[in-house]
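Contents: one structure, followed by commentary.
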Amino acid sequence: DILSRLILGSRISVMIGLVAAAIGSTVGMTYGLVAGYFGGRVDAIMMRVADAFLGIPFIVLVVAISGVVGPGLVTLILILGLTGWVTYARVARGEVLVVRNLEYVTAARVIGQRTPQIILRHVSPNVMSSAIVLAAMEVGSVILAESSLSFLGLGVQPPTVTWGLMLADGRQYLGSAWWMTTFPGIAISITVLGIVFVGDWLRDVLDPRMRGRD
């Protein structure tokens, strides 16, 4: 029953997208906050590490981790989450480089607040809107990545059902049962487009500069 598998697969595919985006955003935003706030040599070293991590081909990293740990749902979530943190780190760092020199941050240092308090209370709220928008957009990318990896046999393994596995199962029947791949493909396209539209709407709502243009 294609409809039943679509409904069941939607829970897994969307869950993977949400959890992986949450992991990536948490790691990346924390990394970017620390690098941007301290600046100087700390920032240079941390961003060089991020650049080196970004230079590793995604598929090579996936194959290496899957070969060591073994393919599966948890492995796939960790891979997708931990490979997407660099984008969040770069965005957070850029925002923090501007915020850390504002008057209220300087005042917090003068009155003796500790660095973790300053980062959590005064700096991080100013980058949360960018993180939320980026995470919303990233969910769609993660769903596409999950579908691609499951299609290649590097992602979720049967009997767990995902849209990517449905595409992989139906590819050998394209000539006789086209609906086995068409409907999962439509579900992926509609979901990703919907998430992109939500992310674009969140950007307009949370970014004061976008509201000013309207």
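Naming scheme: A, B, ... for chains in displayed order of the structure tokens; residues 1 onward per chain; ligands 1 onward as shown.
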Contacts of Val156 in chain A at 10 Å (only C-alpha atoms; same-chain gap of 2+ positions) as number ranges by chain: A: 12-13, 71-77, 146-147, 149-151, 153-154, 158-162, 164-165
Mind writing the picked residues with all heavy atoms as a compact mmCIF listing (two decimals), in the first residue's frame?
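See part22.txt below for the written result:
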```
# COMPACT_ATOMS: atom_id res chain seq x y z
N ILE A 12 9.23 9.41 9.61
CA ILE A 12 10.67 9.17 9.74
C ILE A 12 11.46 10.25 9.01
O ILE A 12 12.42 10.81 9.56
CB ILE A 12 11.03 7.78 9.19
CG1 ILE A 12 10.19 6.69 9.87
CG2 ILE A 12 12.52 7.51 9.38
CD1 ILE A 12 10.39 6.61 11.35
N SER A 13 11.08 10.57 7.77
CA SER A 13 11.83 11.53 6.98
C SER A 13 11.82 12.92 7.62
O SER A 13 12.86 13.59 7.73
CB SER A 13 11.27 11.60 5.56
OG SER A 13 11.44 10.37 4.88
N PRO A 71 25.40 1.53 8.83
CA PRO A 71 24.26 2.34 8.45
C PRO A 71 23.07 2.10 9.37
O PRO A 71 22.90 1.02 9.93
CB PRO A 71 23.95 1.88 7.02
CG PRO A 71 24.49 0.49 6.94
CD PRO A 71 25.68 0.46 7.86
N GLY A 72 22.26 3.14 9.52
CA GLY A 72 21.08 3.04 10.37
C GLY A 72 20.48 4.39 10.63
O GLY A 72 21.02 5.43 10.21
N LEU A 73 19.36 4.42 11.32
CA LEU A 73 18.63 5.66 11.55
C LEU A 73 19.44 6.63 12.42
O LEU A 73 19.62 7.80 12.06
CB LEU A 73 17.29 5.35 12.21
CG LEU A 73 16.40 6.56 12.55
CD1 LEU A 73 16.05 7.34 11.29
CD2 LEU A 73 15.13 6.09 13.26
N VAL A 74 19.96 6.15 13.54
CA VAL A 74 20.71 7.02 14.45
C VAL A 74 21.98 7.51 13.78
O VAL A 74 22.35 8.69 13.88
CB VAL A 74 21.03 6.28 15.76
CG1 VAL A 74 21.89 7.15 16.67
CG2 VAL A 74 19.74 5.88 16.48
N THR A 75 22.67 6.61 13.08
CA THR A 75 23.89 7.00 12.38
C THR A 75 23.62 8.08 11.35
O THR A 75 24.37 9.06 11.24
CB THR A 75 24.52 5.77 11.69
OG1 THR A 75 24.78 4.76 12.66
CG2 THR A 75 25.81 6.15 10.99
N LEU A 76 22.54 7.93 10.60
CA LEU A 76 22.20 8.91 9.57
C LEU A 76 21.90 10.27 10.18
O LEU A 76 22.33 11.30 9.68
CB LEU A 76 21.00 8.41 8.76
CG LEU A 76 20.55 9.33 7.61
CD1 LEU A 76 21.65 9.47 6.58
CD2 LEU A 76 19.28 8.78 6.96
N ILE A 77 21.14 10.28 11.28
CA ILE A 77 20.82 11.55 11.94
C ILE A 77 22.09 12.25 12.42
O ILE A 77 22.27 13.46 12.24
CB ILE A 77 19.85 11.32 13.12
CG1 ILE A 77 18.48 10.88 12.59
CG2 ILE A 77 19.71 12.57 13.96
CD1 ILE A 77 17.50 10.51 13.67
N GLU A 146 18.79 12.90 3.13
CA GLU A 146 18.37 11.58 3.63
C GLU A 146 17.81 10.73 2.50
O GLU A 146 18.12 9.53 2.41
CB GLU A 146 17.31 11.76 4.72
CG GLU A 146 16.76 10.47 5.28
CD GLU A 146 15.61 9.89 4.46
OE1 GLU A 146 14.79 10.68 3.99
OE2 GLU A 146 15.57 8.65 4.28
N SER A 147 17.00 11.33 1.64
CA SER A 147 16.44 10.59 0.52
C SER A 147 17.53 10.10 -0.42
O SER A 147 17.49 8.95 -0.88
CB SER A 147 15.45 11.48 -0.25
OG SER A 147 14.41 11.92 0.59
N LEU A 149 20.77 9.54 0.32
CA LEU A 149 21.59 8.51 0.95
C LEU A 149 20.84 7.19 1.10
O LEU A 149 21.42 6.12 0.89
CB LEU A 149 22.07 9.00 2.32
CG LEU A 149 23.04 10.18 2.31
CD1 LEU A 149 23.33 10.64 3.72
CD2 LEU A 149 24.33 9.81 1.60
N SER A 150 19.56 7.26 1.44
CA SER A 150 18.76 6.04 1.53
C SER A 150 18.61 5.40 0.17
O SER A 150 18.61 4.17 0.03
CB SER A 150 17.38 6.36 2.12
OG SER A 150 17.50 6.83 3.46
N PHE A 151 18.49 6.23 -0.87
CA PHE A 151 18.41 5.72 -2.24
C PHE A 151 19.68 4.97 -2.61
O PHE A 151 19.64 3.95 -3.32
CB PHE A 151 18.18 6.88 -3.20
CG PHE A 151 17.99 6.48 -4.63
CD1 PHE A 151 16.76 6.04 -5.09
CD2 PHE A 151 19.05 6.51 -5.52
CE1 PHE A 151 16.58 5.66 -6.41
CE2 PHE A 151 18.88 6.14 -6.85
CZ PHE A 151 17.65 5.71 -7.29
N GLY A 153 21.57 3.41 -0.49
CA GLY A 153 21.81 2.32 0.44
C GLY A 153 22.72 2.68 1.60
O GLY A 153 23.16 1.80 2.34
N LEU A 154 23.00 3.99 1.78
CA LEU A 154 23.88 4.43 2.86
C LEU A 154 23.13 5.04 4.03
O LEU A 154 23.74 5.49 4.99
CB LEU A 154 24.88 5.47 2.33
CG LEU A 154 25.83 5.00 1.23
CD1 LEU A 154 26.65 6.17 0.70
CD2 LEU A 154 26.76 3.91 1.78
N PRO A 158 16.01 -1.09 5.72
CA PRO A 158 14.74 -1.77 5.96
C PRO A 158 14.82 -2.57 7.26
O PRO A 158 15.91 -2.97 7.68
CB PRO A 158 14.62 -2.70 4.75
CG PRO A 158 15.51 -2.11 3.71
CD PRO A 158 16.63 -1.46 4.46
N PRO A 159 13.69 -2.78 7.95
CA PRO A 159 12.31 -2.53 7.53
C PRO A 159 11.80 -1.12 7.79
O PRO A 159 10.64 -0.85 7.54
CB PRO A 159 11.51 -3.55 8.36
CG PRO A 159 12.30 -3.64 9.63
CD PRO A 159 13.74 -3.51 9.23
N THR A 160 12.63 -0.21 8.31
CA THR A 160 12.20 1.17 8.49
C THR A 160 11.87 1.78 7.14
O THR A 160 12.60 1.58 6.16
CB THR A 160 13.31 1.99 9.18
OG1 THR A 160 13.67 1.34 10.40
CG2 THR A 160 12.84 3.39 9.47
N VAL A 161 10.79 2.53 7.08
CA VAL A 161 10.32 3.10 5.81
C VAL A 161 10.60 4.59 5.78
O VAL A 161 10.25 5.32 6.71
CB VAL A 161 8.80 2.86 5.63
CG1 VAL A 161 8.33 3.47 4.31
CG2 VAL A 161 8.49 1.38 5.67
N THR A 162 11.28 5.04 4.74
CA THR A 162 11.45 6.47 4.47
C THR A 162 11.13 6.71 3.00
O THR A 162 11.08 5.77 2.19
CB THR A 162 12.87 6.95 4.77
OG1 THR A 162 13.78 6.33 3.84
CG2 THR A 162 13.28 6.61 6.18
N GLY A 164 13.08 8.09 0.84
CA GLY A 164 14.24 7.71 0.05
C GLY A 164 14.28 6.21 -0.23
O GLY A 164 14.60 5.78 -1.34
N LEU A 165 13.93 5.40 0.77
CA LEU A 165 13.89 3.96 0.57
C LEU A 165 12.78 3.57 -0.41
O LEU A 165 12.94 2.63 -1.20
CB LEU A 165 13.68 3.25 1.90
CG LEU A 165 14.93 3.01 2.76
CD1 LEU A 165 14.55 2.36 4.07
CD2 LEU A 165 15.94 2.15 2.01
```
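With only C-alpha atoms taken into account, the protein and nucleic acid residues at most 9 Å from Ile195 in chain A (excluding it and anything under 6 positions from it in its own chain) are Ala136, Met137, Glu138, Val139 and Gly140 of chain A.
Shell of Phe38 in chain A at 10 Å, with only C-alpha atoms counted and residues fewer than 5 places along the chain excluded, is A:Leu33, A:Asp43, A:Val96, A:Leu97, A:Arg100, A:Thr115.
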Create the file for the chosen residues now, containing N, CA, C and O atoms and written as a compact mmCIF listing (two decimals), in the first residue's frame.
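Result file is part29.txt:
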```txt
# COMPACT_ATOMS: atom_id res chain seq x y z
N LEU A 33 29.33 31.32 18.16
CA LEU A 33 29.26 32.30 19.24
C LEU A 33 30.60 32.43 19.94
O LEU A 33 31.07 33.55 20.20
N ASP A 43 39.48 32.93 17.26
CA ASP A 43 38.60 32.94 16.09
C ASP A 43 39.31 32.36 14.87
O ASP A 43 38.74 31.56 14.12
N VAL A 96 27.95 37.78 15.51
CA VAL A 96 28.57 38.11 16.79
C VAL A 96 29.67 39.15 16.62
O VAL A 96 29.87 40.01 17.50
N LEU A 97 30.39 39.13 15.52
CA LEU A 97 31.43 40.11 15.29
C LEU A 97 30.89 41.54 15.31
O LEU A 97 31.60 42.48 15.67
N ARG A 100 29.21 42.09 19.40
CA ARG A 100 30.09 42.11 20.57
C ARG A 100 30.64 43.50 20.88
O ARG A 100 31.10 43.75 21.99
N THR A 115 31.79 36.02 31.19
CA THR A 115 31.70 35.81 29.73
C THR A 115 30.54 34.89 29.34
O THR A 115 29.79 35.21 28.42
```
12 Å contact set for Val42 in chain A, only C-alpha atoms, chain neighbours under 6 positions out, as a ChimeraX atom specification: /A:31-36,48-49,93
Okay, now the selection with N, CA and C atoms, as a PDB file, in the first residue's frame?
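Done, and the output landed in again-v8.pdb:
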```pdb
ATOM      1  N   TYR A  31      29.500  27.005  18.470  1.00  0.00           N
ATOM      2  CA  TYR A  31      30.859  27.162  17.925  1.00  0.00           C
ATOM      3  C   TYR A  31      31.052  28.583  17.396  1.00  0.00           C
ATOM      4  N   GLY A  32      30.094  29.069  16.621  1.00  0.00           N
ATOM      5  CA  GLY A  32      30.199  30.410  16.061  1.00  0.00           C
ATOM      6  C   GLY A  32      30.148  31.505  17.110  1.00  0.00           C
ATOM      7  N   LEU A  33      29.329  31.318  18.157  1.00  0.00           N
ATOM      8  CA  LEU A  33      29.258  32.295  19.240  1.00  0.00           C
ATOM      9  C   LEU A  33      30.604  32.431  19.941  1.00  0.00           C
ATOM     10  N   VAL A  34      31.225  31.313  20.237  1.00  0.00           N
ATOM     11  CA  VAL A  34      32.521  31.344  20.930  1.00  0.00           C
ATOM     12  C   VAL A  34      33.586  31.977  20.037  1.00  0.00           C
ATOM     13  N   ALA A  35      33.640  31.548  18.768  1.00  0.00           N
ATOM     14  CA  ALA A  35      34.658  32.079  17.862  1.00  0.00           C
ATOM     15  C   ALA A  35      34.480  33.572  17.643  1.00  0.00           C
ATOM     16  N   GLY A  36      33.256  34.018  17.408  1.00  0.00           N
ATOM     17  CA  GLY A  36      33.023  35.427  17.138  1.00  0.00           C
ATOM     18  C   GLY A  36      33.225  36.302  18.354  1.00  0.00           C
ATOM     19  N   ARG A  48      39.608  28.067  11.003  1.00  0.00           N
ATOM     20  CA  ARG A  48      40.426  27.206  10.143  1.00  0.00           C
ATOM     21  C   ARG A  48      40.000  25.751  10.301  1.00  0.00           C
ATOM     22  N   VAL A  49      39.656  25.364  11.535  1.00  0.00           N
ATOM     23  CA  VAL A  49      39.134  24.010  11.760  1.00  0.00           C
ATOM     24  C   VAL A  49      37.838  23.812  10.984  1.00  0.00           C
ATOM     25  N   ARG A  93      29.036  33.487  13.731  1.00  0.00           N
ATOM     26  CA  ARG A  93      30.270  34.263  13.881  1.00  0.00           C
ATOM     27  C   ARG A  93      30.117  35.647  13.259  1.00  0.00           C
TER      28      ARG A  93
END
```
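Counting from CA of Val105 in chain A, the distance to CA of His122 in chain A is 6.5 Å.
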Exercise: Thr191 in chain A partners within 10 Å, only C-alpha atoms, chain neighbours under 6 positions left out, as number ranges by chain: A: 10, 14, 139-140, 143-144, 185, 197
Just the selected residues (all heavy atoms), exported as a short mmCIF file (atom, residue, chain, number, x, y, z; two decimals), in the first residue's frame, please.
```
data_model
loop_
_atom_site.label_atom_id
_atom_site.label_comp_id
_atom_site.auth_asym_id
_atom_site.auth_seq_id
_atom_site.Cartn_x
_atom_site.Cartn_y
_atom_site.Cartn_z
N SER A 10 6.66 9.52 6.08
CA SER A 10 6.71 10.96 6.36
C SER A 10 7.17 11.21 7.79
O SER A 10 7.92 12.16 8.05
CB SER A 10 5.33 11.58 6.13
OG SER A 10 4.38 11.08 7.06
N VAL A 14 10.64 13.36 8.06
CA VAL A 14 10.54 14.68 8.68
C VAL A 14 11.25 14.70 10.03
O VAL A 14 11.91 15.69 10.39
CB VAL A 14 9.06 15.10 8.82
CG1 VAL A 14 8.94 16.41 9.60
CG2 VAL A 14 8.41 15.24 7.45
N VAL A 139 16.15 22.11 7.15
CA VAL A 139 15.34 20.89 7.28
C VAL A 139 15.05 20.31 5.90
O VAL A 139 15.13 19.09 5.69
CB VAL A 139 14.03 21.20 8.03
CG1 VAL A 139 13.08 20.00 7.97
CG2 VAL A 139 14.32 21.53 9.49
N GLY A 140 14.71 21.17 4.95
CA GLY A 140 14.44 20.69 3.59
C GLY A 140 15.67 20.06 2.96
O GLY A 140 15.58 19.01 2.30
N ILE A 143 16.22 16.60 4.46
CA ILE A 143 15.28 15.60 3.92
C ILE A 143 15.75 15.13 2.55
O ILE A 143 15.71 13.93 2.23
CB ILE A 143 13.86 16.19 3.84
CG1 ILE A 143 13.31 16.40 5.25
CG2 ILE A 143 12.93 15.27 3.05
CD1 ILE A 143 11.95 17.06 5.29
N LEU A 144 16.22 16.06 1.73
CA LEU A 144 16.75 15.68 0.42
C LEU A 144 18.00 14.81 0.57
O LEU A 144 18.17 13.83 -0.16
CB LEU A 144 17.09 16.93 -0.40
CG LEU A 144 15.90 17.72 -0.97
CD1 LEU A 144 16.40 18.98 -1.67
CD2 LEU A 144 15.10 16.87 -1.94
N GLY A 185 8.35 10.78 -4.72
CA GLY A 185 9.02 11.96 -5.26
C GLY A 185 8.18 13.22 -5.11
O GLY A 185 8.69 14.29 -4.76
N PHE A 197 9.26 27.69 1.86
CA PHE A 197 8.33 28.82 1.98
C PHE A 197 8.20 29.27 3.44
O PHE A 197 8.13 30.48 3.72
CB PHE A 197 6.96 28.44 1.42
CG PHE A 197 6.94 28.26 -0.07
CD1 PHE A 197 6.04 27.37 -0.67
CD2 PHE A 197 7.83 28.95 -0.87
CE1 PHE A 197 6.03 27.20 -2.04
CE2 PHE A 197 7.82 28.77 -2.25
CZ PHE A 197 6.92 27.90 -2.84
#
```
Secondary structure check, alpha helix (DSSP H) residues of range 38-88 of chain A, as an NGL selection string: :A and (38 or 40-54 or 58-69 or 73-82 or 85-88)
What does the file look like for those residues with N, CA and C atoms, as a CSV table (one decimal), in the first residue's frame?
```csv
chain,number,residue,atom,x,y,z
A,38,PHE,N,35.2,35.8,21.2
A,38,PHE,CA,36.6,36.0,21.6
A,38,PHE,C,37.5,36.6,20.5
A,40,GLY,N,40.2,37.3,17.5
A,40,GLY,CA,41.7,37.2,17.5
A,40,GLY,C,42.1,35.8,17.1
A,41,ARG,N,43.1,35.3,17.8
A,41,ARG,CA,43.7,34.0,17.5
A,41,ARG,C,42.7,32.9,17.7
A,42,VAL,N,41.9,33.0,18.7
A,42,VAL,CA,40.9,31.9,19.0
A,42,VAL,C,39.9,31.8,17.8
A,43,ASP,N,39.5,32.9,17.3
A,43,ASP,CA,38.6,32.9,16.1
A,43,ASP,C,39.3,32.4,14.9
A,44,ALA,N,40.6,32.8,14.7
A,44,ALA,CA,41.3,32.3,13.5
A,44,ALA,C,41.5,30.8,13.5
A,45,ILE,N,41.8,30.2,14.7
A,45,ILE,CA,42.1,28.8,14.8
A,45,ILE,C,40.8,28.0,14.6
A,46,MET,N,39.7,28.5,15.3
A,46,MET,CA,38.4,27.8,15.2
A,46,MET,C,37.9,27.8,13.8
A,47,MET,N,38.0,28.9,13.1
A,47,MET,CA,37.5,29.0,11.7
A,47,MET,C,38.3,28.2,10.7
A,48,ARG,N,39.6,28.1,11.0
A,48,ARG,CA,40.4,27.2,10.1
A,48,ARG,C,40.0,25.8,10.3
A,49,VAL,N,39.7,25.4,11.5
A,49,VAL,CA,39.1,24.0,11.8
A,49,VAL,C,37.8,23.8,11.0
A,50,ALA,N,37.0,24.8,11.0
A,50,ALA,CA,35.7,24.7,10.3
A,50,ALA,C,36.0,24.6,8.8
A,51,ASP,N,36.9,25.4,8.3
A,51,ASP,CA,37.2,25.3,6.8
A,51,ASP,C,37.8,24.0,6.5
A,52,ALA,N,38.6,23.4,7.3
A,52,ALA,CA,39.1,22.1,7.0
A,52,ALA,C,38.0,21.0,7.0
A,53,PHE,N,37.1,21.2,8.0
A,53,PHE,CA,36.0,20.2,8.0
A,53,PHE,C,35.1,20.4,6.8
A,54,LEU,N,34.9,21.6,6.3
A,54,LEU,CA,34.1,21.9,5.1
A,54,LEU,C,34.8,21.4,3.9
A,58,PHE,N,31.3,15.5,1.3
A,58,PHE,CA,30.2,14.9,2.1
A,58,PHE,C,30.1,13.4,2.0
A,59,ILE,N,30.1,13.0,0.7
A,59,ILE,CA,29.8,11.5,0.5
A,59,ILE,C,31.0,10.7,1.1
A,60,VAL,N,32.2,11.2,1.0
A,60,VAL,CA,33.3,10.5,1.6
A,60,VAL,C,33.2,10.3,3.1
A,61,LEU,N,32.8,11.4,3.8
A,61,LEU,CA,32.5,11.4,5.2
A,61,LEU,C,31.4,10.4,5.6
A,62,VAL,N,30.3,10.4,4.8
A,62,VAL,CA,29.2,9.5,5.0
A,62,VAL,C,29.7,8.1,4.9
A,63,VAL,N,30.4,7.8,3.9
A,63,VAL,CA,30.8,6.4,3.6
A,63,VAL,C,31.8,5.9,4.8
A,64,ALA,N,32.7,6.8,5.2
A,64,ALA,CA,33.6,6.5,6.2
A,64,ALA,C,32.9,6.2,7.5
A,65,ILE,N,32.0,7.1,7.9
A,65,ILE,CA,31.3,6.9,9.2
A,65,ILE,C,30.4,5.7,9.2
A,66,SER,N,29.7,5.5,8.0
A,66,SER,CA,28.8,4.4,7.9
A,66,SER,C,29.6,3.1,7.9
A,67,GLY,N,30.8,3.1,7.4
A,67,GLY,CA,31.6,1.9,7.3
A,67,GLY,C,32.1,1.5,8.7
A,68,VAL,N,32.4,2.5,9.6
A,68,VAL,CA,32.8,2.3,10.9
A,68,VAL,C,31.7,1.9,11.9
A,69,VAL,N,30.6,2.7,11.9
A,69,VAL,CA,29.5,2.6,12.8
A,69,VAL,C,28.5,1.6,12.3
A,73,LEU,N,19.4,4.4,11.3
A,73,LEU,CA,18.6,5.7,11.6
A,73,LEU,C,19.4,6.6,12.4
A,74,VAL,N,20.0,6.2,13.5
A,74,VAL,CA,20.7,7.0,14.5
A,74,VAL,C,22.0,7.5,13.8
A,75,THR,N,22.7,6.6,13.1
A,75,THR,CA,23.9,7.0,12.4
A,75,THR,C,23.6,8.1,11.4
A,76,LEU,N,22.5,7.9,10.6
A,76,LEU,CA,22.2,8.9,9.6
A,76,LEU,C,21.9,10.3,10.2
A,77,ILE,N,21.1,10.3,11.3
A,77,ILE,CA,20.8,11.6,11.9
A,77,ILE,C,22.1,12.2,12.4
A,78,LEU,N,23.0,11.5,13.0
A,78,LEU,CA,24.2,12.1,13.5
A,78,LEU,C,25.1,12.6,12.4
A,79,ILE,N,25.2,11.8,11.3
A,79,ILE,CA,26.0,12.3,10.1
A,79,ILE,C,25.4,13.6,9.6
A,80,LEU,N,24.1,13.6,9.3
A,80,LEU,CA,23.5,14.8,8.7
A,80,LEU,C,23.6,16.0,9.7
A,81,GLY,N,23.4,15.7,11.0
A,81,GLY,CA,23.5,16.8,11.9
A,81,GLY,C,24.9,17.4,12.1
A,82,LEU,N,25.9,16.5,12.2
A,82,LEU,CA,27.3,17.0,12.4
A,82,LEU,C,28.0,17.4,11.2
A,85,TRP,N,26.9,21.7,10.6
A,85,TRP,CA,27.1,22.7,11.6
A,85,TRP,C,28.0,23.9,11.2
A,86,VAL,N,28.8,23.7,10.1
A,86,VAL,CA,29.7,24.7,9.7
A,86,VAL,C,28.9,25.9,9.2
A,87,THR,N,27.8,25.7,8.5
A,87,THR,CA,27.0,26.9,8.0
A,87,THR,C,26.5,27.7,9.1
A,88,TYR,N,26.0,27.1,10.1
A,88,TYR,CA,25.5,27.8,11.3
A,88,TYR,C,26.6,28.5,12.0
```
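Separating CA of Val99 in chain A from CA of Leu202 in chain A is a distance of 21.3 Å.
Our summary of the geometry notes that CA of Val142 in chain A is positioned 7.6 Å from CA of Ile16 in chain A.
In this comparison, which uses only C-alpha atoms, the residue of A:Gly199, A:Ala168, A:Val91, A:Leu120 approaching Pro184 in chain A most closely is A:Ala168.
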For Ala187 in chain A: contacts at 10 Å, only C-alpha atoms, fewer than 2 positions along chain excluded, given as a count of residues only: 14
